[in-house]
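To be precise, the following lines are structure_24.tsv, and they hold TSV, C-alpha atoms.
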```
chain	number	residue	atom	x	y	z
A	1	MET	CA	0.00	0.00	0.00
A	2	THR	CA	1.36	3.40	-0.97
A	3	GLN	CA	1.93	5.56	2.04
A	4	LEU	CA	0.61	8.98	2.97
A	5	SER	CA	-0.31	11.14	-0.05
A	6	HIS	CA	-2.50	13.97	1.21
A	7	HIS	CA	-5.21	14.81	3.72
A	8	LEU	CA	-8.88	15.56	3.21
A	9	SER	CA	-10.89	17.96	5.30
A	10	SER	CA	-13.21	16.32	7.83
A	11	THR	CA	-16.00	18.45	6.33
A	12	THR	CA	-16.05	16.40	3.09
A	13	PRO	CA	-16.87	12.79	4.15
A	14	ALA	CA	-19.96	12.49	1.93
A	15	ALA	CA	-17.79	12.83	-1.17
A	16	VAL	CA	-15.65	9.87	-0.14
A	17	LEU	CA	-17.61	7.38	1.96
A	18	PRO	CA	-20.64	5.22	1.11
A	19	ASN	CA	-23.78	5.91	3.13
A	20	ALA	CA	-23.47	2.63	5.05
A	21	LEU	CA	-20.25	3.89	6.66
A	22	HIS	CA	-21.99	7.03	7.88
A	23	HIS	CA	-24.64	4.85	9.51
A	24	TYR	CA	-22.00	2.63	11.13
A	25	LEU	CA	-19.63	5.35	12.36
A	26	SER	CA	-20.62	8.11	14.74
A	27	ALA	CA	-20.19	11.68	13.50
A	28	PRO	CA	-18.06	13.66	13.20
A	29	ILE	CA	-15.69	11.59	11.06
A	30	THR	CA	-12.14	12.73	10.36
A	31	ILE	CA	-10.83	11.39	7.04
A	32	GLU	CA	-7.18	10.92	6.15
A	33	TYR	CA	-6.23	9.62	2.71
A	34	LEU	CA	-3.36	7.12	3.10
A	35	GLY	CA	-2.74	6.32	-0.55
A	36	GLN	CA	-3.41	3.86	-3.33
A	37	GLY	CA	-1.98	0.45	-4.10
A	38	SER	CA	-2.28	-1.17	-7.52
A	39	ARG	CA	-6.06	-0.66	-7.52
A	40	ASN	CA	-7.45	0.04	-4.01
A	41	ARG	CA	-7.50	3.34	-2.16
A	42	HIS	CA	-7.01	3.40	1.62
A	43	TRP	CA	-8.36	5.88	4.18
A	44	ARG	CA	-7.99	6.31	7.93
A	45	LEU	CA	-11.35	7.19	9.50
A	46	SER	CA	-11.38	8.54	13.06
A	47	THR	CA	-14.32	9.23	15.34
A	48	ALA	CA	-14.54	9.92	19.06
A	49	ASP	CA	-14.96	6.16	19.62
A	50	MET	CA	-12.56	4.43	17.23
A	51	THR	CA	-10.04	4.63	14.42
A	52	CYS	CA	-10.59	2.49	11.33
A	53	ILE	CA	-9.04	1.76	7.96
A	54	TRP	CA	-11.38	1.95	4.97
A	55	ARG	CA	-10.11	-0.04	1.99
A	56	GLU	CA	-12.05	1.22	-1.00
A	57	PHE	CA	-12.17	-1.30	-3.86
A	58	GLY	CA	-10.97	-0.26	-7.28
A	59	PRO	CA	-11.21	-2.46	-10.39
A	60	THR	CA	-10.27	-6.06	-9.55
A	61	PRO	CA	-6.64	-6.73	-10.58
A	62	PRO	CA	-5.64	-9.89	-12.47
A	63	GLY	CA	-5.71	-12.97	-10.26
A	64	ALA	CA	-7.52	-11.37	-7.31
A	65	ASN	CA	-10.76	-12.81	-5.90
A	66	ARG	CA	-12.85	-10.37	-3.87
A	67	ASN	CA	-15.46	-12.95	-2.84
A	68	LEU	CA	-12.87	-15.41	-1.57
A	69	GLU	CA	-11.02	-12.60	0.22
A	70	ARG	CA	-14.20	-11.76	2.13
A	71	ARG	CA	-14.76	-15.40	3.09
A	72	VAL	CA	-11.17	-15.89	4.20
A	73	LEU	CA	-11.11	-12.74	6.31
A	74	ALA	CA	-14.40	-13.70	7.98
A	75	GLN	CA	-13.09	-17.20	8.69
A	76	LEU	CA	-9.78	-16.00	10.15
A	77	GLN	CA	-11.24	-13.42	12.52
A	78	GLY	CA	-9.89	-13.87	16.05
A	79	HIS	CA	-6.29	-14.49	14.99
A	80	THR	CA	-4.07	-11.60	16.06
A	81	TRP	CA	-2.18	-11.77	12.73
A	82	VAL	CA	-5.36	-10.93	10.76
A	83	PRO	CA	-6.88	-7.42	10.73
A	84	GLU	CA	-10.21	-7.12	12.56
A	85	LEU	CA	-12.97	-6.79	9.96
A	86	LEU	CA	-15.72	-4.44	11.09
A	87	LEU	CA	-17.84	-4.03	7.98
A	88	ASP	CA	-18.03	-5.78	4.60
A	89	LEU	CA	-19.60	-3.62	1.91
A	90	PRO	CA	-19.82	-3.88	-1.88
A	91	GLU	CA	-17.63	-0.76	-2.09
A	92	GLY	CA	-14.89	-2.05	0.19
A	93	LEU	CA	-13.89	-3.32	3.63
A	94	LEU	CA	-13.67	-1.50	6.96
A	95	PHE	CA	-11.03	-2.67	9.45
A	96	ARG	CA	-10.26	-1.61	12.99
A	97	ALA	CA	-6.92	0.22	13.04
A	98	SER	CA	-4.51	-1.62	15.32
A	99	PRO	CA	-2.95	0.66	17.98
A	100	GLY	CA	0.58	1.56	17.00
A	101	ALA	CA	0.27	-0.06	13.54
A	102	GLN	CA	2.93	1.06	11.10
A	103	PRO	CA	4.61	-0.25	7.95
A	104	LEU	CA	7.07	-2.86	9.02
A	105	GLN	CA	10.74	-2.30	8.34
A	106	ILE	CA	12.95	-5.29	7.59
A	107	PRO	CA	14.91	-6.91	9.24
A	108	LEU	CA	12.56	-8.38	11.81
A	109	SER	CA	13.59	-9.30	15.31
A	110	GLY	CA	13.86	-12.96	16.26
A	111	THR	CA	10.49	-12.79	18.02
A	112	GLN	CA	8.84	-11.14	15.03
A	113	ARG	CA	10.27	-13.74	12.65
A	114	SER	CA	8.89	-16.51	14.85
A	115	GLN	CA	5.48	-14.82	14.98
A	116	LEU	CA	5.33	-14.52	11.21
A	117	LEU	CA	6.39	-18.12	10.57
A	118	SER	CA	3.89	-19.33	13.17
A	119	ALA	CA	1.13	-17.28	11.55
A	120	VAL	CA	1.81	-18.74	8.10
A	121	LEU	CA	2.02	-22.30	9.44
A	122	THR	CA	-1.31	-21.77	11.21
A	123	LEU	CA	-2.81	-20.33	8.04
A	124	TRP	CA	-1.85	-23.42	6.04
A	125	GLN	CA	-3.72	-25.59	8.54
A	126	GLN	CA	-7.02	-23.72	8.19
A	127	PRO	CA	-9.83	-25.51	6.31
A	128	ILE	CA	-10.94	-23.81	3.12
A	129	GLU	CA	-13.97	-24.67	1.00
A	130	ALA	CA	-12.78	-23.41	-2.36
A	131	PRO	CA	-11.54	-24.98	-5.59
A	132	ALA	CA	-7.79	-25.50	-5.78
A	133	GLN	CA	-6.01	-22.78	-7.75
A	134	ASP	CA	-5.63	-23.80	-11.41
A	135	TYR	CA	-2.16	-22.34	-11.94
A	136	PRO	CA	-1.87	-23.26	-15.65
A	137	ALA	CA	-5.17	-21.44	-16.27
A	138	LEU	CA	-4.00	-18.46	-14.19
A	139	ILE	CA	-0.73	-18.27	-16.13
A	140	GLN	CA	-2.57	-18.42	-19.45
A	141	HIS	CA	-4.95	-15.69	-18.25
A	142	TYR	CA	-2.04	-13.40	-17.38
A	143	ALA	CA	-0.30	-14.24	-20.66
A	144	SER	CA	-3.45	-13.52	-22.65
A	145	LEU	CA	-3.88	-10.10	-21.03
A	146	ALA	CA	-0.19	-9.33	-21.59
A	147	ASP	CA	-0.17	-10.77	-25.13
A	148	ARG	CA	2.54	-13.23	-24.07
A	149	LEU	CA	0.89	-16.59	-24.79
A	150	ALA	CA	3.80	-17.84	-26.92
A	151	CYS	CA	6.70	-16.36	-24.96
A	152	PRO	CA	9.42	-18.49	-23.27
A	153	VAL	CA	8.49	-17.24	-19.78
A	154	THR	CA	4.91	-18.45	-20.19
A	155	ALA	CA	6.15	-21.86	-21.35
A	156	ALA	CA	8.57	-22.09	-18.40
A	157	LEU	CA	5.86	-21.16	-15.90
A	158	LEU	CA	3.47	-23.75	-17.32
A	159	ASP	CA	6.16	-26.42	-17.35
A	160	VAL	CA	6.70	-26.09	-13.59
A	161	ALA	CA	3.08	-25.59	-12.49
A	162	GLN	CA	1.69	-28.54	-14.38
A	163	HIS	CA	3.60	-30.88	-12.04
A	164	TRP	CA	2.05	-29.49	-8.86
A	165	ASN	CA	-0.53	-31.73	-7.21
A	166	PRO	CA	-3.67	-29.77	-6.24
A	167	GLN	CA	-4.45	-32.39	-3.61
A	168	HIS	CA	-1.54	-30.93	-1.61
A	169	PHE	CA	-2.79	-27.33	-1.82
A	170	CYS	CA	-4.05	-25.42	1.22
A	171	LEU	CA	-5.13	-21.93	2.24
A	172	ILE	CA	-2.31	-19.48	1.45
A	173	HIS	CA	-1.94	-15.70	1.48
A	174	GLN	CA	-0.10	-15.70	-1.87
A	175	ASP	CA	1.07	-12.08	-1.65
A	176	ILE	CA	3.48	-11.94	1.29
A	177	HIS	CA	5.95	-9.05	1.07
A	178	PRO	CA	7.03	-6.20	3.39
A	179	GLY	CA	4.26	-3.90	2.15
A	180	ASN	CA	1.64	-6.40	3.33
A	181	LEU	CA	2.98	-6.63	6.88
A	182	LEU	CA	2.17	-4.43	9.85
A	183	LEU	CA	3.72	-4.29	13.31
A	184	THR	CA	1.06	-3.86	15.99
A	185	ASP	CA	1.00	-3.94	19.76
A	186	GLN	CA	-0.02	-7.60	19.46
A	187	GLY	CA	2.74	-8.54	17.01
A	188	ILE	CA	2.80	-9.28	13.30
A	189	GLN	CA	-0.26	-8.67	11.15
A	190	LEU	CA	-0.78	-9.78	7.53
A	191	ILE	CA	-2.92	-7.46	5.41
A	192	ASP	CA	-4.31	-7.34	1.84
A	193	TRP	CA	-5.83	-10.78	1.37
A	194	GLU	CA	-7.24	-10.32	-2.14
A	195	TYR	CA	-4.97	-13.03	-3.59
A	196	ALA	CA	-5.68	-15.58	-0.84
A	197	VAL	CA	-6.53	-18.94	-2.37
A	198	CYS	CA	-6.37	-22.69	-1.95
A	199	GLY	CA	-2.95	-22.91	-3.53
A	200	ASN	CA	0.61	-24.19	-3.35
A	201	PRO	CA	2.11	-23.29	0.07
A	202	TRP	CA	5.57	-23.20	-1.51
A	203	ILE	CA	4.58	-19.76	-2.84
A	204	ASP	CA	4.19	-18.38	0.69
A	205	ALA	CA	7.35	-20.18	1.83
A	206	VAL	CA	9.49	-18.73	-0.95
A	207	ALA	CA	8.00	-15.27	-0.37
A	208	LEU	CA	9.09	-15.54	3.27
A	209	ASP	CA	12.57	-16.66	2.20
A	210	ARG	CA	12.87	-13.68	-0.16
A	211	MET	CA	11.97	-11.31	2.64
A	212	LEU	CA	13.73	-12.91	5.60
A	213	SER	CA	16.59	-14.99	4.10
A	214	LEU	CA	15.36	-17.98	6.09
A	215	SER	CA	17.84	-19.97	8.14
A	216	PRO	CA	18.19	-23.73	7.50
A	217	ALA	CA	16.23	-24.36	10.71
A	218	GLU	CA	13.42	-22.03	9.60
A	219	LYS	CA	13.27	-23.73	6.21
A	220	ARG	CA	13.05	-27.13	7.87
A	221	LEU	CA	10.22	-25.83	10.06
A	222	LEU	CA	8.22	-24.79	6.99
A	223	GLN	CA	9.10	-27.87	4.99
A	224	GLY	CA	7.34	-29.99	7.59
A	225	GLN	CA	4.09	-28.74	6.03
A	226	LEU	CA	5.23	-28.29	2.41
A	227	PRO	CA	4.42	-30.80	-0.34
A	228	ARG	CA	7.34	-32.63	-1.87
A	229	LEU	CA	8.39	-31.27	-5.25
A	230	ALA	CA	10.31	-33.31	-7.81
A	231	HIS	CA	13.27	-30.96	-8.02
A	232	ALA	CA	16.76	-31.03	-6.50
A	233	ASP	CA	16.32	-27.51	-5.10
A	234	PRO	CA	12.61	-26.65	-4.81
A	235	TRP	CA	13.40	-23.36	-3.02
A	236	MET	CA	15.35	-22.15	-6.05
A	237	GLN	CA	12.88	-23.55	-8.57
A	238	VAL	CA	9.83	-21.91	-6.97
A	239	SER	CA	11.77	-18.66	-6.43
A	240	ILE	CA	12.54	-18.42	-10.15
A	241	TRP	CA	8.95	-19.38	-10.96
A	242	LEU	CA	7.55	-16.73	-8.63
A	243	THR	CA	9.83	-14.03	-10.08
A	244	GLN	CA	8.66	-14.91	-13.58
A	245	LEU	CA	5.01	-14.96	-12.50
A	246	ASP	CA	5.39	-11.53	-10.88
A	247	GLN	CA	6.82	-10.17	-14.13
A	248	LEU	CA	3.96	-11.64	-16.14
A	249	TRP	CA	1.40	-10.30	-13.64
A	250	HIS	CA	2.83	-6.78	-13.94
A	251	GLN	CA	2.61	-7.01	-17.73
A	252	ALA	CA	-0.99	-8.22	-17.46
A	253	GLN	CA	-1.86	-5.48	-14.99
A	254	THR	CA	-0.32	-2.79	-17.22
A	255	ALA	CA	-2.21	-4.07	-20.26
A	256	GLN	CA	-5.48	-4.29	-18.35
A	257	LEU	CA	-5.13	-0.73	-17.06
A	258	ALA	CA	-4.29	0.53	-20.55
A	259	ASP	CA	-7.38	-1.18	-21.97
A	260	SER	CA	-9.57	0.39	-19.28
A	261	VAL	CA	-8.41	3.87	-20.30
A	262	ILE	CA	-9.13	3.39	-24.00
```

Represent the structure of the file as structure tokens.
Amino acid sequence: MTQLSHHLSSTTPAAVLPNALHHYLSAPITIEYLGQGSRNRHWRLSTADMTCIWREFGPTPPGANRNLERRVLAQLQGHTWVPELLLDLPEGLLFRASPGAQPLQIPLSGTQRSQLLSAVLTLWQQPIEAPAQDYPALIQHYASLADRLACPVTAALLDVAQHWNPQHFCLIHQDIHPGNLLLTDQGIQLIDWEYAVCGNPWIDAVALDRMLSLSPAEKRLLQGQLPRLAHADPWMQVSIWLTQLDQLWHQAQTAQLADSVI
């Protein structure tokens, strides 16, 4: 999420917020615009009683699933590493702002690393009633948007993903990076769940390794819940795959945004 851009006057809430938020929050409401990610705008809303984060939905980016995000967030409520969802509206989601929350700066402390690994391991154990992610179809969707159906990267991505067994998939965040972490008074919190899916947990594991440079012991801890992959170095293989998928996603996102302007 892009950080602070500008502030809005508290006298202009009607121009920003849906009516349902006015009914839920007590007036007066102070509005602070925090910024925009790839598609969604974020606002801090403060009243005399509480401070909240309003995540206003923009157009759905490639690969995201708003309906599944809502279900996952509702299911995971009560875990300290998940933001507290206050209101689910067609226009967006309202979360309680965690006291002291701030963008997390890497490196993490030993305690914070343990909290994050524990959160992800717990996440993988959660039941999820959703179809397993069809990664070949997802890759082809990105490639179609980016006009890259016949490119070597697309072929390489498909070659790896077709060997993954969906029976070994589980609930994953699928977008773990420093921008989607917050440090609160209760510890680590994972935010932005729009890519959550029943998918390959190696994706979360490699994302953690990218961010934390996992120790051998930390890798062994995660591998206790990871499916076996037929590769001499699955950490390296999935890391290359994820880098290529990120590149293809950015190309698909750019093309989709360009088409929406035309």

**Message:** With only C-alpha atoms as the counted atoms, please give the residues lying no more than 12 Å from stretch 138-148 of chain A, apart from itself and same-chain residues fewer than 3 positions off, as a PyMOL selection string.
**Reply:** chain A and resi 61-64+132-135+151-162+195+199+241-242+244-259

**Surrounding residues of A:Gly224 excluding itself and chain neighbours under 3 positions, 12 Å, only C-alpha atoms, as a VMD selection string** = chain A and resid 121 124 to 125 201 to 202 205 217 to 221 227 to 228

**Asked** Given the choices A:Val206, A:Val82, A:Leu123, A:Leu94, which gets closest to A:Trp235 if the distance is worked out from all atoms listed in the file?
**Response**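 For A:Trp235, the nearest of the candidates is A:Val206.
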
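For the atom pair formed by atom CA of A:Tyr33 and atom CA of A:Ala97, the distance is 14.0 Å, given to one decimal.
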
**Message:** Let me make sure I understand: among A:Pro28, A:Gly78, A:Gly92, A:Pro234, which one has the smallest atom-to-atom distance to A:Pro59 if we use all atoms listed in the file?
**Reply:**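 Residue with the minimum atom-to-atom distance to A:Pro59: A:Gly92.
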
**Message:** Would you pick out the contacts of A:Gln174 at 7 Å or less, using only C-alpha atoms, so that residues sharing its chain but fewer than 4 positions from it are not included, and give the list as a count of residues only?
**Reply:** 4

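Residue nearest A:Pro166 within the list A:Glu84, A:Ile191, A:Leu89, A:Pro131: A:Pro131 [criterion: smallest interatomic distance, only C-alpha atoms].
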
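For the pair atom CA of A:Trp81 and atom CA of A:Ile188, the separation is 5.6 Å.
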
**Request:** Give me, please, the distance in Å between atom CA of A:Asp192 and atom CA of A:His23, quoted to one decimal.
**Result:**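 Atom-to-atom, atom CA of A:Asp192 to atom CA of A:His23, that is 24.9 Å.
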
**Message:** Need to verify the contact set: A:Gln77, 12 Å, only C-alpha atoms, exclusion of same-chain residues closer than 5 positions in sequence. Can you return it as a ChimeraX atom specification?
**Reply:** /A:70-72,82-86,95-96,123,126

**Asked** How would you write as a list in words the residues that get within 6 Å of (-12.3, 1.1, 0.8) in the file's frame, counting all atoms listed in the file?
**Response**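 Residues close enough to count: His42, Trp54, Arg55, Glu56, Phe57, Gly92 and Leu93 of chain A.
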
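If all atoms listed in the file are the atoms counted, then among A:Gly187, A:Ser26, A:Asn19, A:Gln36 the closest residue to A:Ser114 is A:Gly187.
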
Can you fill out stretch 45-60 of chain A with N, CA, C and O atoms and hand it back as a PDB file, in the coordinates of the input?
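Dumped everything to rebuild.pdb:
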```pdb
ATOM      1  N   LEU A  45     -10.139   6.513   9.036  1.00  0.00           N
ATOM      2  CA  LEU A  45     -11.350   7.190   9.500  1.00  0.00           C
ATOM      3  C   LEU A  45     -11.324   7.216  11.028  1.00  0.00           C
ATOM      4  O   LEU A  45     -11.209   6.166  11.668  1.00  0.00           O
ATOM      5  N   SER A  46     -11.440   8.394  11.602  1.00  0.00           N
ATOM      6  CA  SER A  46     -11.380   8.540  13.060  1.00  0.00           C
ATOM      7  C   SER A  46     -12.648   9.198  13.569  1.00  0.00           C
ATOM      8  O   SER A  46     -13.129  10.186  13.002  1.00  0.00           O
ATOM      9  N   THR A  47     -13.201   8.624  14.634  1.00  0.00           N
ATOM     10  CA  THR A  47     -14.320   9.230  15.340  1.00  0.00           C
ATOM     11  C   THR A  47     -13.913   9.350  16.816  1.00  0.00           C
ATOM     12  O   THR A  47     -12.802   8.989  17.197  1.00  0.00           O
ATOM     13  N   ALA A  48     -14.834   9.817  17.629  1.00  0.00           N
ATOM     14  CA  ALA A  48     -14.540   9.920  19.060  1.00  0.00           C
ATOM     15  C   ALA A  48     -14.376   8.537  19.684  1.00  0.00           C
ATOM     16  O   ALA A  48     -13.734   8.394  20.734  1.00  0.00           O
ATOM     17  N   ASP A  49     -14.934   7.507  19.030  1.00  0.00           N
ATOM     18  CA  ASP A  49     -14.960   6.160  19.620  1.00  0.00           C
ATOM     19  C   ASP A  49     -13.885   5.225  19.078  1.00  0.00           C
ATOM     20  O   ASP A  49     -13.461   4.308  19.778  1.00  0.00           O
ATOM     21  N   MET A  50     -13.475   5.398  17.823  1.00  0.00           N
ATOM     22  CA  MET A  50     -12.560   4.430  17.230  1.00  0.00           C
ATOM     23  C   MET A  50     -11.815   5.025  16.041  1.00  0.00           C
ATOM     24  O   MET A  50     -12.196   6.078  15.510  1.00  0.00           O
ATOM     25  N   THR A  51     -10.772   4.313  15.640  1.00  0.00           N
ATOM     26  CA  THR A  51     -10.040   4.630  14.420  1.00  0.00           C
ATOM     27  C   THR A  51     -10.066   3.397  13.531  1.00  0.00           C
ATOM     28  O   THR A  51      -9.789   2.285  13.992  1.00  0.00           O
ATOM     29  N   CYS A  52     -10.410   3.596  12.257  1.00  0.00           N
ATOM     30  CA  CYS A  52     -10.590   2.490  11.330  1.00  0.00           C
ATOM     31  C   CYS A  52      -9.796   2.739  10.052  1.00  0.00           C
ATOM     32  O   CYS A  52      -9.377   3.867   9.762  1.00  0.00           O
ATOM     33  N   ILE A  53      -9.626   1.674   9.284  1.00  0.00           N
ATOM     34  CA  ILE A  53      -9.040   1.760   7.960  1.00  0.00           C
ATOM     35  C   ILE A  53     -10.106   1.349   6.948  1.00  0.00           C
ATOM     36  O   ILE A  53     -10.649   0.236   7.033  1.00  0.00           O
ATOM     37  N   TRP A  54     -10.415   2.231   6.036  1.00  0.00           N
ATOM     38  CA  TRP A  54     -11.380   1.950   4.970  1.00  0.00           C
ATOM     39  C   TRP A  54     -10.603   1.630   3.689  1.00  0.00           C
ATOM     40  O   TRP A  54      -9.846   2.447   3.195  1.00  0.00           O
ATOM     41  N   ARG A  55     -10.761   0.396   3.221  1.00  0.00           N
ATOM     42  CA  ARG A  55     -10.110  -0.040   1.990  1.00  0.00           C
ATOM     43  C   ARG A  55     -11.150  -0.019   0.876  1.00  0.00           C
ATOM     44  O   ARG A  55     -12.013  -0.884   0.777  1.00  0.00           O
ATOM     45  N   GLU A  56     -11.064   1.000   0.059  1.00  0.00           N
ATOM     46  CA  GLU A  56     -12.050   1.220  -1.000  1.00  0.00           C
ATOM     47  C   GLU A  56     -11.632   0.436  -2.253  1.00  0.00           C
ATOM     48  O   GLU A  56     -10.544   0.630  -2.789  1.00  0.00           O
ATOM     49  N   PHE A  57     -12.510  -0.468  -2.707  1.00  0.00           N
ATOM     50  CA  PHE A  57     -12.170  -1.300  -3.860  1.00  0.00           C
ATOM     51  C   PHE A  57     -12.092  -0.486  -5.143  1.00  0.00           C
ATOM     52  O   PHE A  57     -12.974   0.328  -5.437  1.00  0.00           O
ATOM     53  N   GLY A  58     -11.037  -0.723  -5.917  1.00  0.00           N
ATOM     54  CA  GLY A  58     -10.970  -0.260  -7.280  1.00  0.00           C
ATOM     55  C   GLY A  58     -11.291  -1.434  -8.191  1.00  0.00           C
ATOM     56  O   GLY A  58     -11.787  -2.469  -7.739  1.00  0.00           O
ATOM     57  N   PRO A  59     -11.020  -1.327  -9.488  1.00  0.00           N
ATOM     58  CA  PRO A  59     -11.210  -2.460 -10.390  1.00  0.00           C
ATOM     59  C   PRO A  59     -10.394  -3.656  -9.909  1.00  0.00           C
ATOM     60  O   PRO A  59      -9.275  -3.499  -9.417  1.00  0.00           O
ATOM     61  N   THR A  60     -10.948  -4.843 -10.037  1.00  0.00           N
ATOM     62  CA  THR A  60     -10.270  -6.060  -9.550  1.00  0.00           C
ATOM     63  C   THR A  60      -9.039  -6.346 -10.406  1.00  0.00           C
ATOM     64  O   THR A  60      -9.146  -6.491 -11.621  1.00  0.00           O
TER      65      THR A  60
END
```
